[in-house]
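Below: one structure, written as structure tokens.
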Amino acid sequence: MNLLIKIFNRYFPFPLNWLGRLNFFAIALLTVACDIPDNQVEPQDVFTKVYNNDNYTDAFFPISIAQTADSGYLVLGGKKVSDTQFLNVYLIKVDSEGEFEWEQTPSENYSNPLSGLVSSGTNFQFFCMDKLNLGTYLVQVNDVTGSFSEVGYLPALQYPLAAAPLNGGGFVVQGYNREDQKTVLAKLNSNAVAVWQEEYDTFEDVEEDIIKHLIGTSRPLPFITGSVGNSYFFNGFYNYSFSMVFVKAADGSQTGVINGPGVEDAISGATQLIGSEFAMARYSFLDNKITPKYQLDVNGIEVTGDLDGFQFDELSQQAKFQIKKVNAAGKSSVIYGTETKTGQILLLAYDLANGSLLGSRYLGFGQPYQMADFATTKDGGLVVLGSTFISGRFPRMALFKLSKTDLEMLVGGN
Amino acid sequence: MIKLRSITLTLCLVCIASVAMAQFAGKEGKKPRKDSNKFSLFGGGNKKSKNPNTSAKGESPQWQLGIKGGINLSDVEATRSYSVVTPLDLSSSLTNGKIYDKAYSNMGSHIGLTGSVALSPNISLGFEPGYTTYKFGYETSYEWNQFENLQSFVKVTNDIDHVVSYMDLPVALKYHFKTGSLKPFIQLGGYYGFRTNADKNVTTVVEDGAAGGLDELSSTSQRIGVDDLFIRSSAGILGGAGLSLDVGSSPSGMSGSSDLGTVRFILGVNYRYGLHNIVDVKTRFNDSYLTSGAYDVTDDLELRNIEIYLGCQFTLKYKDY
């Protein structure tokens, strides 16, 4: 500092040399005060929101989230209503700072929406169930106006349980045929017209289990569907068990299976990484295991016990999983979104290349929080949708927005 | 940008003022003035004037140092509001907003040193480093009702209080209206504070009609440290007025070795106006207990404060004017 003052004195005219000579303390003061101009963050970078109304009997359950063109968010959820045990379709639109813009409960017939809001031009599409006939709707919503339109209705595809978009357009949807007591998988085109629909034996009536899953009176069952190479798969009831079944994309004929013992031991999350490599999660009675890298054989016969992973005793016994690939901080990672026994949402980031843990982040405290969905955002951050019980008892939707820096820290960046 | 310019300007003023103080002292020290160093409480005590011809009549305290303390009545101005709980019905009366405590109703305190150097018979520069505690708070409440059954209601009220402490470095220019022993004065200056500690106290009161409660059912209180919630700096401008009373005599009139010389008692009031947001916007949502548990998030806040103080200054040095 003395050297600095000497330089000041020599080269700077009055009054600067005056400052340097007499009051380096003042210069130090200016230096530490740098936190004043640095104290700036855009409100849309980080926020926590809980969406509430004052109706004692209302209950909202979040399901899926997508970022809209205006950098806001469209949240798909279910709302408890009095005339049925099924959840009505319920959507809210919030702006980029999480501030509420509008809510919609489109039709009383639309119930039990499936996870996955699929962008389609200026609209977002999702599947839901007909409250009376149990058939499958593909509905689209305009996120600007909040208007709904029906893309298609498939009365023969009952109890829609899971759906996924396909790379070449169209969808694969998993359902259950209550008359035949069989799991159904259907390939649909983008207009919700069935290209093919196949049934798979369950050899027992599992409708009661499915209804309990849909109305939330039992452990939520991890119905999953999707594609891997030239195969599709579903995770559901099959052959007296709860298994992951692989079928040909061309006609739905079965090629392989990962057999699970039953609803008490099953795969609880699966996302394709590269080729037939998957990031998986599995539960077995009260235990949860995470397998960040697992090489599937779509033509083989395996058992869920083959999934040797990291056992997480802190996870809720009924933990739901959302598993997604994320690129951040120059790294390719896979993030698991799940929930803990203590009522927190837990994000776990694994290295896509070697399956090692990169970082973790807990969200929520003091009130119970559960995982619903998460998505990366245009600003390089992460938005996490969860459910909470405000004041410990009123089911409401919660939104956590993490900044780009937060996400980079999660995946182990600097 | 205007705010930033104001902050920079204030800090520069503070610097220049302290420079001026030091410069003035330096010049005085170098000059072989015959009337300087008449009395020093800490070292030069009871020195007789080197110039016997100097009249005691013109001698006034030049350098003074002492202590001061008093109360703070604080308020905050929320320049931008944030909330965790967001109403789903825009037309609803349910605003979920914060209701801040009545302005200047929360009492904190401050204690520290008070120093001043007289620049002329009427003008002096004061530097008053000290430890200052500001208190402010607000209330949030949420209510749920079942319209078919009026007994089914729950109301949760959170009373949230903050205590934020700073090591303050204020500098002010004082103008004394009268040159007698009782001097009214006004002052204007700036301050800079280093945040040393911050706590938040959350008291939750629940009224649970649904569970059969007719009155407040439970009340819990939690105090947590929130140092990271506030940035290190707090800067602003201050202005105030007061009365000072000089007691005792200058050294040329003294005879006893125990005499303290001129002692100045000060009663004053200052108003402090913070020029920037003191909340750390980067960490606003970091504390999960607050945001997810108590649904509390701190707004952008600027400090306002009235300080009422008593001080006592001892004279280190005299000067003829």
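Residues in the structure tokens are named by chain (A, B, ... in the order shown) and by number from 1 within that chain; ligands are numbered from 1 in the order shown.
Using only C-alpha atoms, the chain B residues found within 7 Å of chain A amount to Leu4, Leu11, Cys15, Val19, Ala22, Val84, Val85, Thr86, Pro87, Leu88, Asp89, Glu143, Trp144, Asn145, Gln146, Ile231, Arg232, Ser233, Asp280, Val281, Lys282, Phe285, Ser288, Tyr289, Thr291, Ser292 and Gly293 of chain B.
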Show which residues sit within 12 Å of stretch 175-185 of chain B, as a VMD selection string. Count only C-alpha atoms, and ignore same-chain residues fewer than 5 positions away. chain B and resid 57 to 61 116 to 126 239 to 249 262 to 270 321
Neighbours of B:Ser74 within 9 Å (only C-alpha atoms; same-chain residues fewer than 6 positions away dropped), as a PyMOL selection string? chain B and resi 103-108+134-136+303-307
Pairwise distance for atom CA of B:His162 and atom CA of B:Ile224, rounded to one decimal in Å: 9.9 Å
As a PyMOL selection string, please: the residues near stretch 260-276 of chain A (cut-off 8 Å, only C-alpha atoms, same-chain neighbours under 2 positions excluded). chain A and resi 221-224+228-229+235+240-244+258+278-285+295-298+303-305+320-325+352
Show which residues sit within 9 Å of B:Asp228, as a CSV table (one decimal) with C-alpha atoms, in the first residue's frame. Count only C-alpha atoms, and ignore same-chain residues fewer than 4 positions away.
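Ended up saving to result_31.csv:
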chain,number,residue,atom,x,y,z
B,198,ALA,CA,-27.5,-10.0,11.1
B,232,ARG,CA,-21.1,-6.1,3.7
B,279,VAL,CA,-30.0,-7.0,0.9
B,280,ASP,CA,-27.7,-9.4,-0.9
B,283,THR,CA,-28.4,-15.0,-1.6
B,284,ARG,CA,-32.0,-13.9,-1.1
B,286,ASN,CA,-30.5,-19.3,-0.3
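By only C-alpha atoms, and with residues fewer than 6 positions from A:Thr225 along its chain excluded, the set lying at most 8 Å from it is Ala162, Ala163, Ala164, Val172, Val173, Gln174, Tyr232, Phe233, Phe234 and Asn235 of chain A.
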Resulting file, chosen residues, N, CA and C atoms, as a PDB file, in the first residue's frame:
ATOM      1  N   ALA A 162     -48.769 -43.624 -19.292  1.00  0.00           N
ATOM      2  CA  ALA A 162     -47.498 -42.956 -19.604  1.00  0.00           C
ATOM      3  C   ALA A 162     -47.466 -42.667 -21.098  1.00  0.00           C
ATOM      4  N   ALA A 163     -46.763 -41.627 -21.465  1.00  0.00           N
ATOM      5  CA  ALA A 163     -46.651 -41.263 -22.877  1.00  0.00           C
ATOM      6  C   ALA A 163     -45.296 -40.618 -23.112  1.00  0.00           C
ATOM      7  N   ALA A 164     -44.805 -40.744 -24.322  1.00  0.00           N
ATOM      8  CA  ALA A 164     -43.526 -40.100 -24.674  1.00  0.00           C
ATOM      9  C   ALA A 164     -43.554 -39.716 -26.142  1.00  0.00           C
ATOM     10  N   VAL A 172     -45.669 -42.560 -28.319  1.00  0.00           N
ATOM     11  CA  VAL A 172     -45.940 -43.908 -27.840  1.00  0.00           C
ATOM     12  C   VAL A 172     -46.647 -43.743 -26.493  1.00  0.00           C
ATOM     13  N   VAL A 173     -47.776 -44.439 -26.350  1.00  0.00           N
ATOM     14  CA  VAL A 173     -48.611 -44.266 -25.161  1.00  0.00           C
ATOM     15  C   VAL A 173     -48.891 -45.628 -24.532  1.00  0.00           C
ATOM     16  N   GLN A 174     -48.748 -45.679 -23.226  1.00  0.00           N
ATOM     17  CA  GLN A 174     -49.027 -46.903 -22.478  1.00  0.00           C
ATOM     18  C   GLN A 174     -50.386 -46.781 -21.792  1.00  0.00           C
ATOM     19  N   TYR A 232     -39.291 -49.775 -28.754  1.00  0.00           N
ATOM     20  CA  TYR A 232     -39.987 -48.998 -27.749  1.00  0.00           C
ATOM     21  C   TYR A 232     -39.994 -49.825 -26.466  1.00  0.00           C
ATOM     22  N   PHE A 233     -40.253 -49.164 -25.393  1.00  0.00           N
ATOM     23  CA  PHE A 233     -40.335 -49.917 -24.131  1.00  0.00           C
ATOM     24  C   PHE A 233     -41.449 -49.342 -23.263  1.00  0.00           C
ATOM     25  N   PHE A 234     -41.911 -50.169 -22.370  1.00  0.00           N
ATOM     26  CA  PHE A 234     -42.813 -49.667 -21.328  1.00  0.00           C
ATOM     27  C   PHE A 234     -42.457 -50.330 -20.019  1.00  0.00           C
ATOM     28  N   ASN A 235     -42.699 -49.625 -18.942  1.00  0.00           N
ATOM     29  CA  ASN A 235     -42.499 -50.143 -17.598  1.00  0.00           C
ATOM     30  C   ASN A 235     -43.877 -50.219 -16.971  1.00  0.00           C
TER      31      ASN A 235
END
For B:Ile237, find every residue with an atom within 9 Å (counting only C-alpha atoms), except residues of its own chain fewer than 3 positions away, and show them as a PyMOL selection string. chain B and resi 7+10+170+188-192+271-275
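Between atom CA of A:Leu410 and atom CA of A:Ile335 lies a distance of 9.2 Å.
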